[in-house]
file my_file.csv (CSV, C-alpha atoms and all ligand atoms)
chain,number,residue,atom,x,y,z
A,15,MET,CA,57.8,88.2,115.1
A,16,SER,CA,57.7,85.1,117.3
A,17,THR,CA,55.8,82.0,116.5
A,18,ASP,CA,55.3,78.5,118.0
A,19,VAL,CA,55.9,76.8,114.7
A,20,ASP,CA,59.4,75.1,114.7
A,21,LEU,CA,60.6,75.6,111.1
A,22,ASP,CA,63.6,73.5,111.9
A,23,GLY,CA,61.4,70.6,113.0
A,24,GLU,CA,61.6,67.1,111.5
A,25,GLN,CA,58.7,67.6,109.0
A,26,TYR,CA,60.2,70.7,107.5
A,27,GLU,CA,63.6,69.1,107.3
A,28,LYS,CA,62.0,66.2,105.3
A,29,HIS,CA,60.2,68.7,103.0
A,30,ARG,CA,63.6,70.4,102.4
A,31,GLU,CA,65.3,67.0,101.7
A,32,ALA,CA,62.5,66.2,99.2
A,33,GLY,CA,63.0,69.7,97.6
A,34,GLU,CA,66.7,69.1,97.2
A,35,ILE,CA,66.3,65.8,95.5
A,36,LEU,CA,63.6,67.3,93.3
A,37,GLN,CA,66.1,70.0,92.2
A,38,THR,CA,68.7,67.4,91.2
A,39,VAL,CA,66.3,65.2,89.2
A,40,ARG,CA,64.6,68.2,87.5
A,41,GLU,CA,68.0,69.4,86.2
A,42,GLU,CA,68.7,65.9,84.9
A,43,ALA,CA,65.3,65.8,83.3
A,44,VAL,CA,65.7,69.2,81.5
A,45,GLU,CA,69.1,68.1,80.1
A,46,ARG,CA,67.4,65.0,78.6
A,47,ILE,CA,64.5,66.8,76.8
A,48,GLU,CA,65.3,67.1,73.1
A,49,VAL,CA,63.6,66.3,69.8
A,50,GLY,CA,63.5,62.5,69.5
A,51,ALA,CA,64.0,61.7,73.2
A,52,SER,CA,61.6,59.1,74.6
A,53,HIS,CA,58.9,60.2,77.1
A,54,LEU,CA,59.0,56.8,78.8
A,55,GLU,CA,62.8,56.7,79.2
A,56,LEU,CA,62.6,60.3,80.7
A,57,VAL,CA,60.1,59.5,83.4
A,58,GLU,CA,61.7,56.1,84.2
A,59,HIS,CA,65.1,57.9,84.6
A,60,VAL,CA,63.6,60.5,86.9
A,61,GLU,CA,61.5,58.2,89.0
A,62,SER,CA,64.4,55.7,89.6
A,63,ARG,CA,66.8,58.6,90.4
A,64,ILE,CA,64.4,59.8,93.1
A,65,ARG,CA,64.4,56.4,94.7
A,66,GLU,CA,68.2,56.1,94.3
A,67,LEU,CA,68.6,59.4,96.2
A,68,GLY,CA,66.6,58.1,99.1
A,69,ALA,CA,63.1,59.4,98.5
A,70,GLU,CA,60.0,58.3,96.7
A,71,PRO,CA,58.0,59.9,93.8
A,72,ALA,CA,55.0,61.7,95.4
A,73,PHE,CA,53.1,61.1,92.1
A,74,PRO,CA,54.1,59.9,88.6
A,75,MET,CA,56.2,62.3,86.7
A,76,ASN,CA,53.9,64.3,84.5
A,77,VAL,CA,54.8,65.0,80.9
A,78,CYS,CA,52.4,67.3,79.1
A,79,VAL,CA,52.9,68.5,75.5
A,80,ASP,CA,51.5,71.6,73.7
A,81,GLU,CA,47.8,72.0,74.7
A,82,GLU,CA,48.1,69.4,77.6
A,83,ALA,CA,48.3,71.1,81.0
A,84,ALA,CA,48.3,68.3,83.6
A,85,HIS,CA,48.0,64.6,84.5
A,86,GLY,CA,49.8,63.3,81.4
A,87,THR,CA,52.2,60.5,82.0
A,88,PRO,CA,53.4,57.7,79.7
A,89,SER,CA,51.5,54.4,79.5
A,90,ILE,CA,53.2,51.1,80.1
A,91,ASP,CA,54.4,50.6,76.5
A,92,ASP,CA,54.4,54.2,75.5
A,93,ASP,CA,56.6,54.9,72.4
A,94,SER,CA,56.1,58.7,72.2
A,95,THR,CA,59.1,61.0,71.5
A,96,PHE,CA,59.4,64.7,71.8
A,97,GLY,CA,59.0,66.9,68.7
A,98,GLU,CA,59.3,70.7,68.3
A,99,GLU,CA,56.8,71.1,71.1
A,100,MET,CA,56.1,72.9,74.3
A,101,ILE,CA,56.8,70.4,77.1
A,102,ASN,CA,55.7,70.7,80.7
A,103,ILE,CA,57.2,68.4,83.3
A,104,ASP,CA,55.8,68.2,86.8
A,105,ILE,CA,57.7,66.3,89.5
A,106,GLY,CA,56.7,65.3,93.0
A,107,VAL,CA,59.1,63.9,95.6
A,108,HIS,CA,58.3,62.8,99.2
A,109,VAL,CA,60.4,61.8,102.2
A,110,ASP,CA,58.2,59.9,104.7
A,111,GLY,CA,55.1,61.6,103.2
A,112,TRP,CA,56.5,65.1,103.3
A,113,ILE,CA,56.2,66.4,99.8
A,114,ALA,CA,57.9,68.8,97.4
A,115,ASP,CA,56.1,69.6,94.1
A,116,ALA,CA,57.6,71.6,91.2
A,117,ALA,CA,57.1,72.0,87.5
A,118,ILE,CA,58.9,73.6,84.6
A,119,THR,CA,58.4,74.2,80.9
A,120,VAL,CA,61.0,73.2,78.3
A,121,ASP,CA,60.2,74.9,75.0
A,122,LEU,CA,61.3,73.2,71.8
A,123,SER,CA,58.6,75.1,69.8
A,124,GLY,CA,60.0,78.6,69.6
A,125,ASN,CA,57.6,80.3,72.0
A,126,ASP,CA,59.8,81.7,74.7
A,127,GLU,CA,57.4,84.4,75.7
A,128,LEU,CA,54.7,82.0,76.8
A,129,VAL,CA,57.3,80.2,79.0
A,130,GLU,CA,58.4,83.6,80.4
A,131,ALA,CA,54.8,84.6,81.3
A,132,SER,CA,54.2,81.7,83.7
A,133,ALA,CA,57.8,82.0,85.1
A,134,GLU,CA,57.5,85.7,85.8
A,135,ALA,CA,54.0,85.2,87.3
A,136,LEU,CA,55.4,82.7,89.7
A,137,ASP,CA,58.3,85.0,90.7
A,138,ALA,CA,55.9,87.9,91.3
A,139,ALA,CA,53.7,85.8,93.5
A,140,ILE,CA,56.6,84.3,95.5
A,141,GLU,CA,57.9,87.9,96.0
A,142,MET,CA,54.7,88.7,97.8
A,143,VAL,CA,54.4,85.7,100.1
A,144,GLU,CA,54.5,86.5,103.8
A,145,PRO,CA,52.3,85.6,106.8
A,146,GLY,CA,48.9,87.3,106.4
A,147,ILE,CA,49.0,87.6,102.6
A,148,ASP,CA,45.6,86.7,101.1
A,149,THR,CA,45.7,84.0,98.4
A,150,GLY,CA,43.3,86.1,96.3
A,151,VAL,CA,46.0,88.8,96.1
A,152,LEU,CA,48.5,86.2,94.9
A,153,GLY,CA,46.0,85.1,92.3
A,154,ASP,CA,45.6,88.7,91.2
A,155,VAL,CA,49.3,89.3,90.6
A,156,ILE,CA,49.6,85.9,88.8
A,157,GLY,CA,46.7,86.7,86.5
A,158,ARG,CA,47.8,90.3,85.8
A,159,THR,CA,51.4,89.3,85.1
A,160,ILE,CA,50.3,86.7,82.5
A,161,GLU,CA,47.8,89.0,80.9
A,162,GLY,CA,50.6,91.6,80.6
A,163,TYR,CA,52.3,89.2,78.2
A,164,GLY,CA,49.1,89.0,76.1
A,165,TYR,CA,48.2,85.5,77.3
A,166,GLN,CA,45.5,84.0,79.6
A,167,PRO,CA,46.1,82.4,83.0
A,168,VAL,CA,44.4,78.9,83.2
A,169,VAL,CA,41.8,79.8,85.8
A,170,ASN,CA,40.5,76.3,86.6
A,171,LEU,CA,43.9,75.0,87.8
A,172,THR,CA,45.3,76.2,91.1
A,173,GLY,CA,48.2,76.0,93.5
A,174,HIS,CA,47.5,74.2,96.8
A,175,GLY,CA,48.7,73.2,100.2
A,176,LEU,CA,50.8,70.1,100.8
A,177,GLY,CA,49.8,67.8,103.7
A,178,HIS,CA,51.4,64.6,105.0
A,179,TYR,CA,50.8,62.0,102.2
A,180,GLU,CA,48.3,64.5,100.8
A,181,GLN,CA,49.3,66.1,97.5
A,182,HIS,CA,46.4,68.7,97.5
A,183,THR,CA,45.2,70.3,100.6
A,184,SER,CA,43.8,73.7,101.4
A,185,PRO,CA,44.4,76.5,100.8
A,186,ASN,CA,43.9,76.8,97.0
A,187,ILE,CA,46.2,79.4,95.4
A,188,PRO,CA,44.2,80.7,92.4
A,189,ASN,CA,45.7,81.9,89.1
A,190,LYS,CA,43.4,84.9,89.0
A,191,LYS,CA,41.9,87.5,91.3
A,192,ILE,CA,39.2,86.1,93.6
A,193,PRO,CA,37.1,88.2,95.9
A,194,GLU,CA,38.1,86.5,99.1
A,195,GLY,CA,40.9,84.0,99.6
A,196,VAL,CA,42.5,82.8,102.8
A,197,GLU,CA,45.5,84.3,104.7
A,198,LEU,CA,48.7,82.3,104.6
A,199,GLU,CA,50.3,81.5,108.0
A,200,VAL,CA,53.8,80.8,109.2
A,201,GLY,CA,54.6,77.2,108.7
A,202,ASP,CA,52.2,76.7,105.8
A,203,VAL,CA,53.7,74.6,103.0
A,204,VAL,CA,52.2,75.5,99.6
A,205,ALA,CA,52.8,75.0,95.9
A,206,ILE,CA,52.2,78.0,93.7
A,207,GLU,CA,51.7,77.0,90.0
A,208,PRO,CA,50.7,79.5,87.3
A,209,PHE,CA,49.7,78.2,83.9
A,210,ALA,CA,49.8,80.5,80.9
A,211,THR,CA,48.1,79.8,77.5
A,212,ASP,CA,47.3,81.3,74.2
A,213,GLY,CA,44.0,79.3,74.4
A,214,ARG,CA,40.8,79.8,76.4
A,215,GLY,CA,42.3,80.0,79.9
A,216,ARG,CA,40.3,77.0,81.0
A,217,VAL,CA,41.1,73.3,80.7
A,218,GLY,CA,38.8,70.4,80.0
A,219,GLU,CA,39.1,66.7,80.5
A,220,GLY,CA,40.6,64.5,77.7
A,221,ASN,CA,40.1,60.8,77.3
A,222,ALA,CA,43.5,59.5,78.4
A,223,GLU,CA,43.9,58.4,82.0
A,224,GLN,CA,47.2,57.1,83.2
A,225,ILE,CA,47.2,58.3,86.8
A,226,PHE,CA,45.1,56.9,89.6
A,227,ALA,CA,44.7,57.1,93.4
A,228,LEU,CA,43.1,55.1,96.1
A,229,GLU,CA,39.5,56.2,96.8
A,230,ASN,CA,38.3,53.7,99.4
A,231,ASP,CA,40.0,50.6,100.5
A,232,SER,CA,37.3,47.9,100.3
A,233,SER,CA,37.7,44.2,99.6
A,234,VAL,CA,37.9,42.6,96.2
A,235,ARG,CA,37.5,39.0,95.3
A,236,ASN,CA,39.5,39.0,92.1
A,237,ARG,CA,43.0,37.8,92.8
A,238,LYS,CA,44.9,40.2,90.6
A,239,ALA,CA,42.8,43.1,91.7
A,240,ARG,CA,43.5,42.2,95.3
A,241,GLU,CA,47.3,42.0,94.6
A,242,ALA,CA,47.2,45.4,93.0
A,243,LEU,CA,45.2,46.8,95.9
A,244,ASP,CA,47.7,45.5,98.4
A,245,GLN,CA,50.5,47.2,96.5
A,246,ILE,CA,48.6,50.4,96.3
A,247,THR,CA,47.8,50.5,100.0
A,248,GLU,CA,51.3,49.6,101.0
A,249,GLU,CA,53.4,51.6,98.6
A,250,PHE,CA,51.4,54.6,97.5
A,251,GLN,CA,48.8,55.0,100.2
A,252,THR,CA,46.6,57.9,99.1
A,253,LEU,CA,49.2,59.4,96.8
A,254,PRO,CA,48.7,59.2,93.0
A,255,PHE,CA,50.3,56.3,91.0
A,256,ALA,CA,50.7,55.4,87.4
A,257,THR,CA,49.4,52.3,85.5
A,258,ARG,CA,53.0,51.4,84.8
A,259,TRP,CA,53.9,51.3,88.5
A,260,LEU,CA,51.6,48.3,89.2
A,261,ASP,CA,53.4,44.9,89.4
A,262,VAL,CA,50.5,42.8,88.1
A,263,ASP,CA,50.4,41.8,84.5
A,264,ARG,CA,47.8,43.7,82.3
A,265,PRO,CA,47.5,46.4,84.9
A,266,GLU,CA,45.0,48.4,82.6
A,267,MET,CA,42.4,45.7,83.1
A,268,THR,CA,42.9,45.5,86.8
A,269,LEU,CA,42.6,49.2,87.2
A,270,ARG,CA,39.3,49.2,85.2
A,271,ARG,CA,38.0,46.7,87.7
A,272,LEU,CA,39.1,48.7,90.7
A,273,LYS,CA,37.7,51.9,89.2
A,274,GLN,CA,34.3,50.3,88.5
A,275,ARG,CA,34.1,49.5,92.2
A,276,ASP,CA,35.1,53.0,93.2
A,277,ILE,CA,38.1,51.7,94.9
A,278,VAL,CA,40.4,53.9,92.8
A,279,HIS,CA,39.7,57.1,90.9
A,280,GLY,CA,41.5,58.3,87.8
A,281,TYR,CA,42.9,61.6,86.8
A,282,PRO,CA,42.0,62.3,83.2
A,283,ILE,CA,44.4,64.4,81.2
A,284,LEU,CA,43.6,68.1,81.4
A,285,LYS,CA,43.9,70.1,78.2
A,286,GLU,CA,43.4,73.5,76.6
A,287,LYS,CA,41.7,73.8,73.2
A,288,LYS,CA,43.3,71.9,70.4
A,289,GLY,CA,46.1,73.8,68.7
A,290,SER,CA,46.9,76.0,71.7
A,291,LEU,CA,49.9,75.9,73.9
A,292,VAL,CA,50.3,75.9,77.7
A,293,SER,CA,53.3,76.8,79.8
A,294,GLN,CA,53.6,76.1,83.5
A,295,LYS,CA,56.0,76.8,86.4
A,296,GLU,CA,55.7,75.7,89.9
A,297,HIS,CA,57.6,75.8,93.2
A,298,THR,CA,56.9,74.6,96.7
A,299,LEU,CA,57.6,77.0,99.6
A,300,ILE,CA,57.4,77.2,103.3
A,301,VAL,CA,55.9,80.4,104.8
A,302,THR,CA,58.4,81.9,107.2
A,303,ASP,CA,58.2,84.8,109.7
A,304,ASP,CA,59.3,87.4,107.2
A,305,GLY,CA,58.5,85.9,103.8
A,306,CYS,CA,59.1,82.4,102.5
A,307,GLU,CA,61.7,79.8,101.8
A,308,VAL,CA,61.4,78.2,98.4
A,309,ILE,CA,62.5,74.6,98.8
A,310,THR,CA,62.6,73.6,95.1
A,311,ARG,CA,65.0,76.1,93.7
A,401,MN,MN,53.1,69.8,90.4
A,402,MN,MN,51.1,71.1,92.4

call {"tool": "encode", "arguments": {"input": "my_file.csv", "output": "structure tokens", "more": "lines below"}}
Ligand code: MN
Ligand code: MN
result
Amino acid sequence: MSTDVDLDGEQYEKHREAGEILQTVREEAVERIEVGASHLELVEHVESRIRELGAEPAFPMNVCVDEEAAHGTPSIDDDSTFGEEMINIDIGVHVDGWIADAAITVDLSGNDELVEASAEALDAAIEMVEPGIDTGVLGDVIGRTIEGYGYQPVVNLTGHGLGHYEQHTSPNIPNKKIPEGVELEVGDVVAIEPFATDGRGRVGEGNAEQIFALENDSSVRNRKAREALDQITEEFQTLPFATRWLDVDRPEMTLRRLKQRDIVHGYPILKEKKGSLVSQKEHTLIVTDDGCEVITR
């Protein structure tokens, strides 16, 4: 099949470079996760290694534990350490705005099967990706694979397209069957991310909020808020950033101010019901003429 999309073009090369760096730092992260290890040291290691290797984090490294599913990242003075828990890490890398996004679960809690459920669901979906595949069909195979293990897919979290400096674009890739999705096309760059749980299969918003993104760039009078906003527009643009990335002192207060004025929005932590566990696995892939190229494995 011929196509006008040049999969060797510069943007795809940058996606691939981001994907390779992501693989390296993910491996280093997994090696560091053990009972007693510090959350903050882990994310600082990974984020500084991404920069050392010539790229930038596309979003703060997420560390989610047990019932937490997404948007967790350490606060500025976080002293949390890992226990015998289920740990999801989610890493984003970009090269000039071209993003790779991938996640993995490291289980220290003795629940291998839950980890396997999301991993197998991801493999099954990747196996089916080709031009013309409907995203609803991918959701169906993900949902059925997880249910086959006796668990629930988390249905209000989805995979997504990746745009230039845009971490979430269309199409959504659901984690269950939907009546009508959209057809993937050659050259689409998408992240597929099944979540499996022994909980409800639906996450809600918690109170903690450590990740933010620019909503609209309007002027602020307060000096510290203005300094922070300059850093945000220059360094992060519209990509998500962490409280601990801001150079101003007492960044929490500054962020509250920017949020009140709708200049930034927060991403509250997303969790399953208390006492349940969530596993996640995610890869980024490029849809090719005859299937797909996974850039994060
Ligand atoms: Mn991710
Ligand atoms: Mn993602």

call {"tool": "residues_around", "arguments": {"input": "my_file.csv", "residues": "Ser290 of chain A", "least_positions_apart": "3", "cutoff": "12 Å", "atoms": "all atoms listed in the file", "output": "JSON, numbers by chain"}}
result
{"A": [79, 80, 81, 82, 83, 99, 100, 123, 125, 128, 165, 166, 210, 211, 212, 213, 214, 215, 216, 217, 285, 286, 287, 293]}

call {"tool": "atom_distance", "arguments": {"input": "my_file.csv", "atom1": "atom MN of ligand MN 402 (chain A)", "atom2": "atom CA of Asp115 of chain A"}}
result
5.5 Å

call {"tool": "residues_near_ligand", "arguments": {"input": "my_file.csv", "ligand": "ligand MN 402 (chain A)", "cutoff": "12 Å", "atoms": "all atoms listed in the file", "output": "ChimeraX atom specification"}}
result
/A:72-73,75-76,83-85,103-107,113-118,171-177,180-184,186-188,203-209,294-299

call {"tool": "write_last_selection", "arguments": {"input": "my_file.csv", "atoms": "C-alpha atoms", "output": "tab-separated table (two decimals), in the coordinates of the input"}}
result
chain	number	residue	atom	x	y	z
A	72	ALA	CA	55.00	61.70	95.40
A	73	PHE	CA	53.10	61.10	92.10
A	75	MET	CA	56.20	62.30	86.70
A	76	ASN	CA	53.90	64.30	84.50
A	83	ALA	CA	48.30	71.10	81.00
A	84	ALA	CA	48.30	68.30	83.60
A	85	HIS	CA	48.00	64.60	84.50
A	103	ILE	CA	57.20	68.40	83.30
A	104	ASP	CA	55.80	68.20	86.80
A	105	ILE	CA	57.70	66.30	89.50
A	106	GLY	CA	56.70	65.30	93.00
A	107	VAL	CA	59.10	63.90	95.60
A	113	ILE	CA	56.20	66.40	99.80
A	114	ALA	CA	57.90	68.80	97.40
A	115	ASP	CA	56.10	69.60	94.10
A	116	ALA	CA	57.60	71.60	91.20
A	117	ALA	CA	57.10	72.00	87.50
A	118	ILE	CA	58.90	73.60	84.60
A	171	LEU	CA	43.90	75.00	87.80
A	172	THR	CA	45.30	76.20	91.10
A	173	GLY	CA	48.20	76.00	93.50
A	174	HIS	CA	47.50	74.20	96.80
A	175	GLY	CA	48.70	73.20	100.20
A	176	LEU	CA	50.80	70.10	100.80
A	177	GLY	CA	49.80	67.80	103.70
A	180	GLU	CA	48.30	64.50	100.80
A	181	GLN	CA	49.30	66.10	97.50
A	182	HIS	CA	46.40	68.70	97.50
A	183	THR	CA	45.20	70.30	100.60
A	184	SER	CA	43.80	73.70	101.40
A	186	ASN	CA	43.90	76.80	97.00
A	187	ILE	CA	46.20	79.40	95.40
A	188	PRO	CA	44.20	80.70	92.40
A	203	VAL	CA	53.70	74.60	103.00
A	204	VAL	CA	52.20	75.50	99.60
A	205	ALA	CA	52.80	75.00	95.90
A	206	ILE	CA	52.20	78.00	93.70
A	207	GLU	CA	51.70	77.00	90.00
A	208	PRO	CA	50.70	79.50	87.30
A	209	PHE	CA	49.70	78.20	83.90
A	294	GLN	CA	53.60	76.10	83.50
A	295	LYS	CA	56.00	76.80	86.40
A	296	GLU	CA	55.70	75.70	89.90
A	297	HIS	CA	57.60	75.80	93.20
A	298	THR	CA	56.90	74.60	96.70
A	299	LEU	CA	57.60	77.00	99.60

call {"tool": "closest_residue", "arguments": {"input": "my_file.csv", "among": "A:Lys288, A:Asn221, A:Glu197, A:Asp110", "to": "Leu253 of chain A", "atoms": "all atoms listed in the file"}}
result
A:Asp110

call {"tool": "atom_distance", "arguments": {"input": "my_file.csv", "atom1": "atom CA of Asp244 of chain A", "atom2": "atom CA of Val262 of chain A"}}
result
11.0 Å

call {"tool": "residues_around", "arguments": {"input": "my_file.csv", "residues": "Val234 of chain A", "least_positions_apart": "3", "cutoff": "12 Å", "atoms": "all atoms listed in the file", "output": "JSON, numbers by chain"}}
result
{"A": [230, 231, 237, 238, 239, 240, 241, 242, 243, 244, 268, 271, 272, 273, 274, 275, 276, 277]}

call {"tool": "write_last_selection", "arguments": {"input": "my_file.csv", "atoms": "C-alpha atoms", "output": "short mmCIF file (atom, residue, chain, number, x, y, z; two decimals), in the coordinates of the input"}}
result
data_model
loop_
_atom_site.label_atom_id
_atom_site.label_comp_id
_atom_site.auth_asym_id
_atom_site.auth_seq_id
_atom_site.Cartn_x
_atom_site.Cartn_y
_atom_site.Cartn_z
CA ASN A 230 38.30 53.70 99.40
CA ASP A 231 40.00 50.60 100.50
CA ARG A 237 43.00 37.80 92.80
CA LYS A 238 44.90 40.20 90.60
CA ALA A 239 42.80 43.10 91.70
CA ARG A 240 43.50 42.20 95.30
CA GLU A 241 47.30 42.00 94.60
CA ALA A 242 47.20 45.40 93.00
CA LEU A 243 45.20 46.80 95.90
CA ASP A 244 47.70 45.50 98.40
CA THR A 268 42.90 45.50 86.80
CA ARG A 271 38.00 46.70 87.70
CA LEU A 272 39.10 48.70 90.70
CA LYS A 273 37.70 51.90 89.20
CA GLN A 274 34.30 50.30 88.50
CA ARG A 275 34.10 49.50 92.20
CA ASP A 276 35.10 53.00 93.20
CA ILE A 277 38.10 51.70 94.90
#

call {"tool": "closest_residue", "arguments": {"input": "my_file.csv", "among": "A:Gly218, A:Gly157, A:Pro254, A:Gly146", "to": "ligand MN 401 (chain A)", "atoms": "all atoms listed in the file"}}
result
A:Pro254

call {"tool": "atom_distance", "arguments": {"input": "my_file.csv", "atom1": "atom CA of Val39 of chain A", "atom2": "atom CA of Ile64 of chain A"}}
result
6.9 Å

call {"tool": "closest_atom_pairs", "arguments": {"input": "my_file.csv", "of": "segment 195-264 of chain A", "to": "segment 301-305 of chain A", "cutoff": "10 Å", "atoms": "only C-alpha atoms", "output": "CSV"}}
result
residue,atom,partner,partner_atom,distance
A:Leu198,CA,A:Val301,CA,7.4
A:Glu199,CA,A:Val301,CA,6.5
A:Val200,CA,A:Val301,CA,4.9
A:Gly201,CA,A:Val301,CA,5.2
A:Asp202,CA,A:Val301,CA,5.3
A:Val203,CA,A:Val301,CA,6.5
A:Val204,CA,A:Val301,CA,8.0

call {"tool": "closest_residue", "arguments": {"input": "my_file.csv", "among": "A:Val292, A:Cys306, A:Val151, A:Glu61", "to": "Glu127 of chain A", "atoms": "only C-alpha atoms"}}
result
A:Val292

call {"tool": "residues_around", "arguments": {"input": "my_file.csv", "residues": "Leu122 of chain A", "least_positions_apart": "2", "cutoff": "12 Å", "atoms": "all atoms listed in the file", "output": "PDB file with C-alpha atoms, keeping the file's coordinate frame"}}
result
ATOM      1  CA  VAL A  44      65.700  69.200  81.500  1.00  0.00           C
ATOM      2  CA  ILE A  47      64.500  66.800  76.800  1.00  0.00           C
ATOM      3  CA  GLU A  48      65.300  67.100  73.100  1.00  0.00           C
ATOM      4  CA  VAL A  49      63.600  66.300  69.800  1.00  0.00           C
ATOM      5  CA  GLY A  50      63.500  62.500  69.500  1.00  0.00           C
ATOM      6  CA  ALA A  51      64.000  61.700  73.200  1.00  0.00           C
ATOM      7  CA  VAL A  79      52.900  68.500  75.500  1.00  0.00           C
ATOM      8  CA  ASP A  80      51.500  71.600  73.700  1.00  0.00           C
ATOM      9  CA  PHE A  96      59.400  64.700  71.800  1.00  0.00           C
ATOM     10  CA  GLY A  97      59.000  66.900  68.700  1.00  0.00           C
ATOM     11  CA  GLU A  98      59.300  70.700  68.300  1.00  0.00           C
ATOM     12  CA  GLU A  99      56.800  71.100  71.100  1.00  0.00           C
ATOM     13  CA  MET A 100      56.100  72.900  74.300  1.00  0.00           C
ATOM     14  CA  ILE A 101      56.800  70.400  77.100  1.00  0.00           C
ATOM     15  CA  ASN A 102      55.700  70.700  80.700  1.00  0.00           C
ATOM     16  CA  THR A 119      58.400  74.200  80.900  1.00  0.00           C
ATOM     17  CA  VAL A 120      61.000  73.200  78.300  1.00  0.00           C
ATOM     18  CA  GLY A 124      60.000  78.600  69.600  1.00  0.00           C
ATOM     19  CA  ASN A 125      57.600  80.300  72.000  1.00  0.00           C
ATOM     20  CA  ASP A 126      59.800  81.700  74.700  1.00  0.00           C
ATOM     21  CA  VAL A 129      57.300  80.200  79.000  1.00  0.00           C
ATOM     22  CA  LEU A 291      49.900  75.900  73.900  1.00  0.00           C
ATOM     23  CA  SER A 293      53.300  76.800  79.800  1.00  0.00           C
TER      24      SER A 293
END

call {"tool": "closest_residue", "arguments": {"input": "my_file.csv", "among": "A:Glu27, A:Cys78, A:Ile300, A:Glu134", "to": "ligand MN 401 (chain A)", "atoms": "all atoms listed in the file"}}
result
A:Cys78

call {"tool": "closest_residue", "arguments": {"input": "my_file.csv", "among": "A:Ser52, A:Thr310, A:Thr38, A:Thr149", "to": "ligand MN 401 (chain A)", "atoms": "only C-alpha atoms and all ligand atoms"}}
result
A:Thr310

call {"tool": "residues_around", "arguments": {"input": "my_file.csv", "residues": "Ala256 of chain A", "least_positions_apart": "6", "cutoff": "9 Å", "atoms": "only C-alpha atoms", "output": "NGL selection string"}}
result
:A and (73-75 or 87-90 or 224-227)

call {"tool": "closest_residue", "arguments": {"input": "my_file.csv", "among": "A:Lys28, A:Arg40, A:Arg65, A:Arg46", "to": "ligand MN 401 (chain A)", "atoms": "all atoms listed in the file"}}
result
A:Arg40

call {"tool": "decode", "arguments": {"input": "my_file.csv", "residues": "segment 157-168 of chain A", "atoms": "N, CA, C and O atoms", "output": "compact mmCIF listing (two decimals), in the first residue's frame"}}
result
# COMPACT_ATOMS: atom_id res chain seq x y z
N GLY A 157 -10.76 -4.58 26.96
CA GLY A 157 -11.74 -4.88 28.02
C GLY A 157 -11.90 -6.38 28.23
O GLY A 157 -11.88 -6.87 29.36
N ARG A 158 -12.03 -7.11 27.12
CA ARG A 158 -12.25 -8.56 27.25
C ARG A 158 -11.03 -9.27 27.82
O ARG A 158 -11.15 -10.22 28.58
N THR A 159 -9.84 -8.82 27.44
CA THR A 159 -8.62 -9.46 27.97
C THR A 159 -8.56 -9.28 29.49
O THR A 159 -8.29 -10.24 30.24
N ILE A 160 -8.83 -8.07 29.96
CA ILE A 160 -8.76 -7.80 31.40
C ILE A 160 -9.84 -8.57 32.14
O ILE A 160 -9.59 -9.19 33.19
N GLU A 161 -11.05 -8.60 31.58
CA GLU A 161 -12.14 -9.36 32.22
C GLU A 161 -11.83 -10.85 32.27
O GLU A 161 -12.23 -11.54 33.20
N GLY A 162 -11.08 -11.31 31.27
CA GLY A 162 -10.66 -12.72 31.25
C GLY A 162 -9.81 -13.10 32.46
O GLY A 162 -9.74 -14.27 32.83
N TYR A 163 -9.17 -12.13 33.05
CA TYR A 163 -8.38 -12.37 34.28
C TYR A 163 -9.24 -12.21 35.53
O TYR A 163 -8.74 -12.34 36.65
N GLY A 164 -10.52 -11.86 35.34
CA GLY A 164 -11.38 -11.65 36.49
C GLY A 164 -11.29 -10.24 37.07
O GLY A 164 -11.76 -9.99 38.19
N TYR A 165 -10.70 -9.32 36.33
CA TYR A 165 -10.60 -7.93 36.78
C TYR A 165 -11.43 -7.00 35.90
O TYR A 165 -11.98 -7.42 34.88
N GLN A 166 -11.47 -5.73 36.28
CA GLN A 166 -12.20 -4.72 35.52
C GLN A 166 -11.22 -3.79 34.81
O GLN A 166 -10.24 -3.36 35.40
N PRO A 167 -11.53 -3.43 33.55
CA PRO A 167 -10.78 -2.33 32.95
C PRO A 167 -11.28 -1.02 33.56
O PRO A 167 -12.45 -0.92 33.90
N VAL A 168 -10.39 -0.04 33.69
CA VAL A 168 -10.82 1.29 34.16
C VAL A 168 -11.35 2.03 32.93
O VAL A 168 -10.58 2.39 32.04
